[in-house]
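Structure file model-v8.pdb with PDB, N, CA and C atoms, pLDDT in the B column:
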ATOM      1  N   MET A   5      13.229  41.182  10.124  1.00 93.00           N
ATOM      2  CA  MET A   5      13.787  41.681   8.895  1.00 93.00           C
ATOM      3  C   MET A   5      15.307  41.665   9.030  1.00 93.00           C
ATOM      4  N   GLN A   6      15.971  41.178   8.003  1.00 97.00           N
ATOM      5  CA  GLN A   6      17.423  41.022   8.074  1.00 97.00           C
ATOM      6  C   GLN A   6      18.084  41.652   6.856  1.00 97.00           C
ATOM      7  N   ILE A   7      19.211  42.315   7.108  1.00 98.00           N
ATOM      8  CA  ILE A   7      20.027  42.894   6.050  1.00 98.00           C
ATOM      9  C   ILE A   7      21.353  42.158   6.053  1.00 98.00           C
ATOM     10  N   ASP A   8      21.690  41.547   4.941  1.00 98.00           N
ATOM     11  CA  ASP A   8      22.959  40.833   4.833  1.00 98.00           C
ATOM     12  C   ASP A   8      23.979  41.748   4.174  1.00 98.00           C
ATOM     13  N   ALA A   9      24.849  42.326   4.990  1.00 98.00           N
ATOM     14  CA  ALA A   9      25.899  43.214   4.490  1.00 98.00           C
ATOM     15  C   ALA A   9      27.271  42.556   4.634  1.00 98.00           C
ATOM     16  N   ARG A  10      27.282  41.251   4.765  1.00 98.00           N
ATOM     17  CA  ARG A  10      28.567  40.543   4.874  1.00 98.00           C
ATOM     18  C   ARG A  10      29.344  40.710   3.582  1.00 98.00           C
ATOM     19  N   GLY A  11      30.635  40.993   3.725  1.00 97.00           N
ATOM     20  CA  GLY A  11      31.504  41.181   2.572  1.00 97.00           C
ATOM     21  C   GLY A  11      31.540  42.612   2.060  1.00 97.00           C
ATOM     22  N   LEU A  12      30.682  43.475   2.585  1.00 98.00           N
ATOM     23  CA  LEU A  12      30.662  44.873   2.171  1.00 98.00           C
ATOM     24  C   LEU A  12      31.510  45.713   3.121  1.00 98.00           C
ATOM     25  N   LEU A  13      32.186  46.706   2.565  1.00 97.00           N
ATOM     26  CA  LEU A  13      33.031  47.573   3.375  1.00 97.00           C
ATOM     27  C   LEU A  13      32.360  48.922   3.600  1.00 97.00           C
ATOM     28  N   CYS A  14      32.845  49.624   4.610  1.00 94.00           N
ATOM     29  CA  CYS A  14      32.373  50.947   4.980  1.00 94.00           C
ATOM     30  C   CYS A  14      32.342  51.846   3.750  1.00 94.00           C
ATOM     31  N   PRO A  15      31.287  52.563   3.565  1.00 96.00           N
ATOM     32  CA  PRO A  15      30.120  52.789   4.411  1.00 96.00           C
ATOM     33  C   PRO A  15      28.896  51.956   4.034  1.00 96.00           C
ATOM     34  N   LEU A  16      29.066  50.966   3.169  1.00 97.00           N
ATOM     35  CA  LEU A  16      27.910  50.244   2.627  1.00 97.00           C
ATOM     36  C   LEU A  16      27.012  49.566   3.663  1.00 97.00           C
ATOM     37  N   PRO A  17      27.542  48.911   4.714  1.00 98.00           N
ATOM     38  CA  PRO A  17      26.622  48.312   5.688  1.00 98.00           C
ATOM     39  C   PRO A  17      25.674  49.338   6.321  1.00 98.00           C
ATOM     40  N   VAL A  18      26.204  50.492   6.708  1.00 98.00           N
ATOM     41  CA  VAL A  18      25.360  51.521   7.328  1.00 98.00           C
ATOM     42  C   VAL A  18      24.408  52.136   6.298  1.00 98.00           C
ATOM     43  N   LEU A  19      24.844  52.305   5.078  1.00 97.00           N
ATOM     44  CA  LEU A  19      23.963  52.853   4.047  1.00 97.00           C
ATOM     45  C   LEU A  19      22.784  51.927   3.777  1.00 97.00           C
ATOM     46  N   ARG A  20      23.038  50.638   3.758  1.00 97.00           N
ATOM     47  CA  ARG A  20      21.933  49.680   3.569  1.00 97.00           C
ATOM     48  C   ARG A  20      20.981  49.701   4.757  1.00 97.00           C
ATOM     49  N   LEU A  21      21.545  49.800   5.954  1.00 98.00           N
ATOM     50  CA  LEU A  21      20.710  49.884   7.158  1.00 98.00           C
ATOM     51  C   LEU A  21      19.856  51.146   7.114  1.00 98.00           C
ATOM     52  N   ARG A  22      20.440  52.269   6.791  1.00 96.00           N
ATOM     53  CA  ARG A  22      19.710  53.536   6.729  1.00 96.00           C
ATOM     54  C   ARG A  22      18.574  53.460   5.718  1.00 96.00           C
ATOM     55  N   LYS A  23      18.853  52.939   4.546  1.00 96.00           N
ATOM     56  CA  LYS A  23      17.839  52.848   3.496  1.00 96.00           C
ATOM     57  C   LYS A  23      16.661  51.987   3.947  1.00 96.00           C
ATOM     58  N   ARG A  24      16.947  50.876   4.575  1.00 96.00           N
ATOM     59  CA  ARG A  24      15.877  49.982   5.028  1.00 96.00           C
ATOM     60  C   ARG A  24      15.065  50.628   6.144  1.00 96.00           C
ATOM     61  N   LEU A  25      15.732  51.260   7.110  1.00 96.00           N
ATOM     62  CA  LEU A  25      15.027  51.882   8.229  1.00 96.00           C
ATOM     63  C   LEU A  25      14.114  53.017   7.777  1.00 96.00           C
ATOM     64  N   MET A  26      14.514  53.761   6.764  1.00 93.00           N
ATOM     65  CA  MET A  26      13.715  54.889   6.293  1.00 93.00           C
ATOM     66  C   MET A  26      12.330  54.452   5.833  1.00 93.00           C
ATOM     67  N   ALA A  27      12.215  53.231   5.345  1.00 93.00           N
ATOM     68  CA  ALA A  27      10.947  52.743   4.801  1.00 93.00           C
ATOM     69  C   ALA A  27      10.075  52.056   5.847  1.00 93.00           C
ATOM     70  N   LEU A  28      10.537  51.996   7.093  1.00 95.00           N
ATOM     71  CA  LEU A  28       9.819  51.242   8.121  1.00 95.00           C
ATOM     72  C   LEU A  28       9.192  52.153   9.168  1.00 95.00           C
ATOM     73  N   PRO A  29       8.137  51.667   9.821  1.00 95.00           N
ATOM     74  CA  PRO A  29       7.529  52.464  10.893  1.00 95.00           C
ATOM     75  C   PRO A  29       8.367  52.425  12.169  1.00 95.00           C
ATOM     76  N   ARG A  30       8.159  53.424  12.992  1.00 95.00           N
ATOM     77  CA  ARG A  30       8.845  53.520  14.286  1.00 95.00           C
ATOM     78  C   ARG A  30       8.654  52.228  15.079  1.00 95.00           C
ATOM     79  N   GLY A  31       9.722  51.807  15.740  1.00 96.00           N
ATOM     80  CA  GLY A  31       9.661  50.627  16.594  1.00 96.00           C
ATOM     81  C   GLY A  31       9.995  49.319  15.897  1.00 96.00           C
ATOM     82  N   THR A  32      10.095  49.333  14.584  1.00 97.00           N
ATOM     83  CA  THR A  32      10.446  48.122  13.837  1.00 97.00           C
ATOM     84  C   THR A  32      11.908  47.781  14.091  1.00 97.00           C
ATOM     85  N   ARG A  33      12.160  46.505  14.269  1.00 97.00           N
ATOM     86  CA  ARG A  33      13.542  46.056  14.483  1.00 97.00           C
ATOM     87  C   ARG A  33      14.099  45.405  13.237  1.00 97.00           C
ATOM     88  N   VAL A  34      15.376  45.699  13.000  1.00 98.00           N
ATOM     89  CA  VAL A  34      16.088  45.170  11.847  1.00 98.00           C
ATOM     90  C   VAL A  34      17.376  44.541  12.345  1.00 98.00           C
ATOM     91  N   THR A  35      17.736  43.420  11.751  1.00 98.00           N
ATOM     92  CA  THR A  35      19.002  42.767  12.062  1.00 98.00           C
ATOM     93  C   THR A  35      19.962  42.992  10.902  1.00 98.00           C
ATOM     94  N   LEU A  36      21.132  43.499  11.213  1.00 98.00           N
ATOM     95  CA  LEU A  36      22.179  43.725  10.222  1.00 98.00           C
ATOM     96  C   LEU A  36      23.297  42.731  10.471  1.00 98.00           C
ATOM     97  N   LEU A  37      23.695  42.016   9.428  1.00 98.00           N
ATOM     98  CA  LEU A  37      24.853  41.123   9.507  1.00 98.00           C
ATOM     99  C   LEU A  37      25.993  41.791   8.766  1.00 98.00           C
ATOM    100  N   ALA A  38      27.130  41.938   9.427  1.00 98.00           N
ATOM    101  CA  ALA A  38      28.260  42.637   8.814  1.00 98.00           C
ATOM    102  C   ALA A  38      29.582  41.976   9.180  1.00 98.00           C
ATOM    103  N   THR A  39      30.490  42.023   8.234  1.00 98.00           N
ATOM    104  CA  THR A  39      31.851  41.520   8.466  1.00 98.00           C
ATOM    105  C   THR A  39      32.871  42.654   8.463  1.00 98.00           C
ATOM    106  N   ASP A  40      32.445  43.847   8.110  1.00 98.00           N
ATOM    107  CA  ASP A  40      33.342  45.003   8.077  1.00 98.00           C
ATOM    108  C   ASP A  40      33.773  45.362   9.498  1.00 98.00           C
ATOM    109  N   PRO A  41      35.076  45.365   9.791  1.00 97.00           N
ATOM    110  CA  PRO A  41      35.530  45.703  11.135  1.00 97.00           C
ATOM    111  C   PRO A  41      35.112  47.109  11.580  1.00 97.00           C
ATOM    112  N   ALA A  42      34.924  48.030  10.644  1.00 97.00           N
ATOM    113  CA  ALA A  42      34.528  49.394  10.996  1.00 97.00           C
ATOM    114  C   ALA A  42      33.076  49.476  11.462  1.00 97.00           C
ATOM    115  N   ALA A  43      32.278  48.469  11.184  1.00 97.00           N
ATOM    116  CA  ALA A  43      30.862  48.488  11.568  1.00 97.00           C
ATOM    117  C   ALA A  43      30.686  48.574  13.084  1.00 97.00           C
ATOM    118  N   VAL A  44      31.639  48.057  13.841  1.00 97.00           N
ATOM    119  CA  VAL A  44      31.545  48.111  15.303  1.00 97.00           C
ATOM    120  C   VAL A  44      31.528  49.558  15.804  1.00 97.00           C
ATOM    121  N   ILE A  45      32.090  50.463  15.036  1.00 97.00           N
ATOM    122  CA  ILE A  45      32.068  51.891  15.358  1.00 97.00           C
ATOM    123  C   ILE A  45      30.941  52.583  14.600  1.00 97.00           C
ATOM    124  N   ASP A  46      30.810  52.249  13.320  1.00 97.00           N
ATOM    125  CA  ASP A  46      29.855  52.934  12.439  1.00 97.00           C
ATOM    126  C   ASP A  46      28.397  52.735  12.830  1.00 97.00           C
ATOM    127  N   VAL A  47      28.008  51.515  13.170  1.00 98.00           N
ATOM    128  CA  VAL A  47      26.594  51.235  13.463  1.00 98.00           C
ATOM    129  C   VAL A  47      26.133  51.967  14.729  1.00 98.00           C
ATOM    130  N   PRO A  48      26.857  51.862  15.863  1.00 98.00           N
ATOM    131  CA  PRO A  48      26.416  52.629  17.040  1.00 98.00           C
ATOM    132  C   PRO A  48      26.400  54.139  16.797  1.00 98.00           C
ATOM    133  N   HIS A  49      27.384  54.644  16.059  1.00 97.00           N
ATOM    134  CA  HIS A  49      27.430  56.074  15.762  1.00 97.00           C
ATOM    135  C   HIS A  49      26.230  56.489  14.904  1.00 97.00           C
ATOM    136  N   PHE A  50      25.928  55.707  13.884  1.00 97.00           N
ATOM    137  CA  PHE A  50      24.777  55.984  13.031  1.00 97.00           C
ATOM    138  C   PHE A  50      23.490  56.007  13.847  1.00 97.00           C
ATOM    139  N   CYS A  51      23.315  55.032  14.719  1.00 97.00           N
ATOM    140  CA  CYS A  51      22.099  54.972  15.543  1.00 97.00           C
ATOM    141  C   CYS A  51      21.984  56.205  16.439  1.00 97.00           C
ATOM    142  N   ALA A  52      23.066  56.569  17.083  1.00 96.00           N
ATOM    143  CA  ALA A  52      23.055  57.726  17.978  1.00 96.00           C
ATOM    144  C   ALA A  52      22.755  59.024  17.227  1.00 96.00           C
ATOM    145  N   GLU A  53      23.321  59.184  16.058  1.00 95.00           N
ATOM    146  CA  GLU A  53      23.140  60.403  15.279  1.00 95.00           C
ATOM    147  C   GLU A  53      21.774  60.477  14.602  1.00 95.00           C
ATOM    148  N   SER A  54      21.165  59.330  14.324  1.00 95.00           N
ATOM    149  CA  SER A  54      19.912  59.299  13.563  1.00 95.00           C
ATOM    150  C   SER A  54      18.675  59.070  14.421  1.00 95.00           C
ATOM    151  N   GLY A  55      18.859  58.862  15.712  1.00 95.00           N
ATOM    152  CA  GLY A  55      17.710  58.673  16.586  1.00 95.00           C
ATOM    153  C   GLY A  55      17.176  57.259  16.646  1.00 95.00           C
ATOM    154  N   HIS A  56      17.970  56.305  16.179  1.00 97.00           N
ATOM    155  CA  HIS A  56      17.576  54.901  16.261  1.00 97.00           C
ATOM    156  C   HIS A  56      18.196  54.287  17.512  1.00 97.00           C
ATOM    157  N   ARG A  57      17.747  53.115  17.868  1.00 97.00           N
ATOM    158  CA  ARG A  57      18.236  52.465  19.082  1.00 97.00           C
ATOM    159  C   ARG A  57      18.966  51.169  18.728  1.00 97.00           C
ATOM    160  N   LEU A  58      20.222  51.075  19.143  1.00 98.00           N
ATOM    161  CA  LEU A  58      20.967  49.839  18.982  1.00 98.00           C
ATOM    162  C   LEU A  58      20.580  48.934  20.143  1.00 98.00           C
ATOM    163  N   ILE A  59      19.818  47.908  19.851  1.00 98.00           N
ATOM    164  CA  ILE A  59      19.338  46.989  20.876  1.00 98.00           C
ATOM    165  C   ILE A  59      20.489  46.124  21.383  1.00 98.00           C
ATOM    166  N   GLY A  60      21.327  45.688  20.475  1.00 98.00           N
ATOM    167  CA  GLY A  60      22.451  44.862  20.877  1.00 98.00           C
ATOM    168  C   GLY A  60      23.267  44.425  19.685  1.00 98.00           C
ATOM    169  N   SER A  61      24.427  43.893  19.991  1.00 98.00           N
ATOM    170  CA  SER A  61      25.292  43.330  18.954  1.00 98.00           C
ATOM    171  C   SER A  61      26.018  42.141  19.553  1.00 98.00           C
ATOM    172  N   ARG A  62      26.348  41.210  18.669  1.00 98.00           N
ATOM    173  CA  ARG A  62      27.086  40.025  19.123  1.00 98.00           C
ATOM    174  C   ARG A  62      27.809  39.405  17.949  1.00 98.00           C
ATOM    175  N   GLU A  63      28.941  38.808  18.255  1.00 97.00           N
ATOM    176  CA  GLU A  63      29.688  38.096  17.230  1.00 97.00           C
ATOM    177  C   GLU A  63      29.025  36.742  17.039  1.00 97.00           C
ATOM    178  N   ILE A  64      28.614  36.447  15.812  1.00 97.00           N
ATOM    179  CA  ILE A  64      27.918  35.186  15.557  1.00 97.00           C
ATOM    180  C   ILE A  64      28.814  34.166  14.866  1.00 97.00           C
ATOM    181  N   ALA A  65      29.945  34.628  14.359  1.00 96.00           N
ATOM    182  CA  ALA A  65      30.971  33.771  13.764  1.00 96.00           C
ATOM    183  C   ALA A  65      32.250  34.593  13.763  1.00 96.00           C
ATOM    184  N   PRO A  66      33.397  33.960  13.609  1.00 97.00           N
ATOM    185  CA  PRO A  66      34.626  34.746  13.582  1.00 97.00           C
ATOM    186  C   PRO A  66      34.572  35.829  12.497  1.00 97.00           C
ATOM    187  N   GLY A  67      34.693  37.084  12.923  1.00 96.00           N
ATOM    188  CA  GLY A  67      34.677  38.202  11.995  1.00 96.00           C
ATOM    189  C   GLY A  67      33.301  38.612  11.504  1.00 96.00           C
ATOM    190  N   GLU A  68      32.253  38.015  12.044  1.00 98.00           N
ATOM    191  CA  GLU A  68      30.881  38.333  11.614  1.00 98.00           C
ATOM    192  C   GLU A  68      30.057  38.778  12.813  1.00 98.00           C
ATOM    193  N   THR A  69      29.472  39.963  12.712  1.00 98.00           N
ATOM    194  CA  THR A  69      28.722  40.531  13.825  1.00 98.00           C
ATOM    195  C   THR A  69      27.276  40.776  13.419  1.00 98.00           C
ATOM    196  N   GLU A  70      26.387  40.527  14.367  1.00 98.00           N
ATOM    197  CA  GLU A  70      24.960  40.779  14.193  1.00 98.00           C
ATOM    198  C   GLU A  70      24.603  42.000  15.030  1.00 98.00           C
ATOM    199  N   TYR A  71      23.924  42.967  14.406  1.00 98.00           N
ATOM    200  CA  TYR A  71      23.464  44.179  15.084  1.00 98.00           C
ATOM    201  C   TYR A  71      21.943  44.207  15.012  1.00 98.00           C
ATOM    202  N   ILE A  72      21.296  44.446  16.139  1.00 98.00           N
ATOM    203  CA  ILE A  72      19.850  44.579  16.156  1.00 98.00           C
ATOM    204  C   ILE A  72      19.540  46.046  16.429  1.00 98.00           C
ATOM    205  N   VAL A  73      18.824  46.664  15.489  1.00 98.00           N
ATOM    206  CA  VAL A  73      18.536  48.091  15.539  1.00 98.00           C
ATOM    207  C   VAL A  73      17.026  48.298  15.489  1.00 98.00           C
ATOM    208  N   GLU A  74      16.551  49.190  16.348  1.00 98.00           N
ATOM    209  CA  GLU A  74      15.133  49.554  16.359  1.00 98.00           C
ATOM    210  C   GLU A  74      14.965  50.933  15.747  1.00 98.00           C
ATOM    211  N   ARG A  75      14.025  51.039  14.823  1.00 97.00           N
ATOM    212  CA  ARG A  75      13.750  52.310  14.134  1.00 97.00           C
ATOM    213  C   ARG A  75      13.279  53.346  15.136  1.00 97.00           C
ATOM    214  N   GLY A  76      13.904  54.498  15.118  1.00 95.00           N
ATOM    215  CA  GLY A  76      13.553  55.576  16.019  1.00 95.00           C
ATOM    216  C   GLY A  76      12.367  56.386  15.530  1.00 95.00           C
ATOM    217  N   PRO A  77      12.042  57.445  16.263  1.00 88.00           N
ATOM    218  CA  PRO A  77      10.863  58.256  15.933  1.00 88.00           C
ATOM    219  C   PRO A  77      10.999  59.055  14.645  1.00 88.00           C
ATOM    220  N   ALA A  78      12.218  59.348  14.234  1.00 65.00           N
ATOM    221  CA  ALA A  78      12.406  60.132  13.016  1.00 65.00           C
ATOM    222  C   ALA A  78      13.759  59.812  12.406  1.00 65.00           C
ATOM    223  N   CYS A  79      13.836  59.926  11.112  1.00 54.00           N
ATOM    224  CA  CYS A  79      15.110  59.779  10.403  1.00 54.00           C
ATOM    225  C   CYS A  79      15.550  61.163   9.973  1.00 54.00           C
ATOM    226  N   ALA A  80      16.734  61.557  10.375  1.00 49.00           N
ATOM    227  CA  ALA A  80      17.250  62.867   9.982  1.00 49.00           C
ATOM    228  C   ALA A  80      17.331  62.972   8.470  1.00 49.00           C
ATOM    229  N   ILE A  81      17.680  61.892   7.814  1.00 46.00           N
ATOM    230  CA  ILE A  81      17.815  61.884   6.362  1.00 46.00           C
ATOM    231  C   ILE A  81      16.448  62.078   5.691  1.00 46.00           C
ATOM    232  N   ALA A  82      15.393  61.519   6.276  1.00 42.00           N
ATOM    233  CA  ALA A  82      14.068  61.585   5.664  1.00 42.00           C
ATOM    234  C   ALA A  82      13.542  63.013   5.604  1.00 42.00           C
ATOM    235  N   ALA A  83      14.076  63.898   6.416  1.00 38.00           N
ATOM    236  CA  ALA A  83      13.606  65.279   6.458  1.00 38.00           C
ATOM    237  C   ALA A  83      14.123  66.101   5.287  1.00 38.00           C
ATOM    238  N   ASP A  84      15.088  65.573   4.553  1.00 34.00           N
ATOM    239  CA  ASP A  84      15.674  66.329   3.428  1.00 34.00           C
ATOM    240  C   ASP A  84      14.681  66.546   2.313  1.00 34.00           C
TER
END
Please render this file's structure as structure tokens.
Amino acid sequence: MQIDARGLLCPLPVLRLRKRLMALPRGTRVTLLATDPAAVIDVPHFCAESGHRLIGSREIAPGETEYIVERGPACAIAAD
């Protein structure tokens, strides 16, 4: 499953990732593509705070990063 957040600025890449993860079962992996320079900080922080696992990230083109995230056991947002 892939989320194309290229061209979107903070906080939209993380918001799209959060929305997609909320609808998925634990252990599902999602790939996020982002060009926002803040995503390098935002995505790991979001994963740590929400209980998800950042499997890895890599630059796939100049200014474009791929993040692989695994859905954690619970979403803090889903409890609201």
Just say which residues the PyMOL selection byres ((chain A and resi 29-45) around 7) picks in this file, as an NGL selection string. :A and (5-14 or 17 or 25-28 or 46-50 or 67-78)
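The strand (DSSP E or B) portion of chain A consists of Gln6, Ile7, Asp8, Ala9, Arg33, Val34, Thr35, Leu36, Leu37, Ala38, Arg57, Leu58, Ile59, Gly60, Ser61, Arg62, Glu63, Ile64, Ala65, Glu68, Thr69, Glu70, Tyr71, Ile72, Val73 and Glu74 of chain A, with states taken from DSSP on the backbone.
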Written selection (N, CA and C atoms) as a compact mmCIF listing (two decimals), in the coordinates of the input:
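New file selection_35.txt:
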# COMPACT_ATOMS: atom_id res chain seq x y z
N GLN A 6 15.97 41.18 8.00
CA GLN A 6 17.42 41.02 8.07
C GLN A 6 18.08 41.65 6.86
N ILE A 7 19.21 42.32 7.11
CA ILE A 7 20.03 42.89 6.05
C ILE A 7 21.35 42.16 6.05
N ASP A 8 21.69 41.55 4.94
CA ASP A 8 22.96 40.83 4.83
C ASP A 8 23.98 41.75 4.17
N ALA A 9 24.85 42.33 4.99
CA ALA A 9 25.90 43.21 4.49
C ALA A 9 27.27 42.56 4.63
N ARG A 33 12.16 46.50 14.27
CA ARG A 33 13.54 46.06 14.48
C ARG A 33 14.10 45.40 13.24
N VAL A 34 15.38 45.70 13.00
CA VAL A 34 16.09 45.17 11.85
C VAL A 34 17.38 44.54 12.34
N THR A 35 17.74 43.42 11.75
CA THR A 35 19.00 42.77 12.06
C THR A 35 19.96 42.99 10.90
N LEU A 36 21.13 43.50 11.21
CA LEU A 36 22.18 43.72 10.22
C LEU A 36 23.30 42.73 10.47
N LEU A 37 23.70 42.02 9.43
CA LEU A 37 24.85 41.12 9.51
C LEU A 37 25.99 41.79 8.77
N ALA A 38 27.13 41.94 9.43
CA ALA A 38 28.26 42.64 8.81
C ALA A 38 29.58 41.98 9.18
N ARG A 57 17.75 53.12 17.87
CA ARG A 57 18.24 52.46 19.08
C ARG A 57 18.97 51.17 18.73
N LEU A 58 20.22 51.08 19.14
CA LEU A 58 20.97 49.84 18.98
C LEU A 58 20.58 48.93 20.14
N ILE A 59 19.82 47.91 19.85
CA ILE A 59 19.34 46.99 20.88
C ILE A 59 20.49 46.12 21.38
N GLY A 60 21.33 45.69 20.48
CA GLY A 60 22.45 44.86 20.88
C GLY A 60 23.27 44.42 19.68
N SER A 61 24.43 43.89 19.99
CA SER A 61 25.29 43.33 18.95
C SER A 61 26.02 42.14 19.55
N ARG A 62 26.35 41.21 18.67
CA ARG A 62 27.09 40.02 19.12
C ARG A 62 27.81 39.40 17.95
N GLU A 63 28.94 38.81 18.26
CA GLU A 63 29.69 38.10 17.23
C GLU A 63 29.02 36.74 17.04
N ILE A 64 28.61 36.45 15.81
CA ILE A 64 27.92 35.19 15.56
C ILE A 64 28.81 34.17 14.87
N ALA A 65 29.94 34.63 14.36
CA ALA A 65 30.97 33.77 13.76
C ALA A 65 32.25 34.59 13.76
N GLU A 68 32.25 38.02 12.04
CA GLU A 68 30.88 38.33 11.61
C GLU A 68 30.06 38.78 12.81
N THR A 69 29.47 39.96 12.71
CA THR A 69 28.72 40.53 13.82
C THR A 69 27.28 40.78 13.42
N GLU A 70 26.39 40.53 14.37
CA GLU A 70 24.96 40.78 14.19
C GLU A 70 24.60 42.00 15.03
N TYR A 71 23.92 42.97 14.41
CA TYR A 71 23.46 44.18 15.08
C TYR A 71 21.94 44.21 15.01
N ILE A 72 21.30 44.45 16.14
CA ILE A 72 19.85 44.58 16.16
C ILE A 72 19.54 46.05 16.43
N VAL A 73 18.82 46.66 15.49
CA VAL A 73 18.54 48.09 15.54
C VAL A 73 17.03 48.30 15.49
N GLU A 74 16.55 49.19 16.35
CA GLU A 74 15.13 49.55 16.36
C GLU A 74 14.96 50.93 15.75
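As for atom CA of Ala65 of chain A and atom CA of Leu19 of chain A, they are spaced 22.5 Å apart.
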Please enclose the listed atoms of segment 34-49 of chain A in an axis-aligned box, pad each side by 8 Å, and write out the centre and the three edge lengths in Å, rounded to one decimal, as JSON.
{"center_x": 25.5, "center_y": 48.8, "center_z": 12.6, "size_x": 36.2, "size_y": 31.4, "size_z": 25.0}
Determine the residue set returned by the PyMOL selection byres (((chain A and resi 55 and name CA) around 7) and name CA) for the present structure, and present it as a list of chain:residue names. A:Cys51, A:Ala52, A:Glu53, A:Ser54, A:His56, A:Arg57, A:Gly76, A:Pro77, A:Ala78, A:Cys79
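For the atom pair formed by atom C of Pro66 of chain A and atom C of Arg20 of chain A, the distance is 20.9 Å, given to one decimal.
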Enter the distance from atom CA of Ile64 of chain A to atom CA of Arg22 of chain A, in Å, rounded to one decimal. 22.0 Å
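Within chain A, DSSP run on the backbone puts these residues in helix (DSSP H, G or I): Leu16, Pro17, Val18, Leu19, Arg20, Leu21, Arg22, Lys23, Arg24, Leu25, Met26, Ala43, Val44, Ile45, Asp46, Val47, Pro48, His49, Phe50, Cys51, Ala52, Glu53, Ser54, Ile81, Ala82 and Ala83 of chain A.
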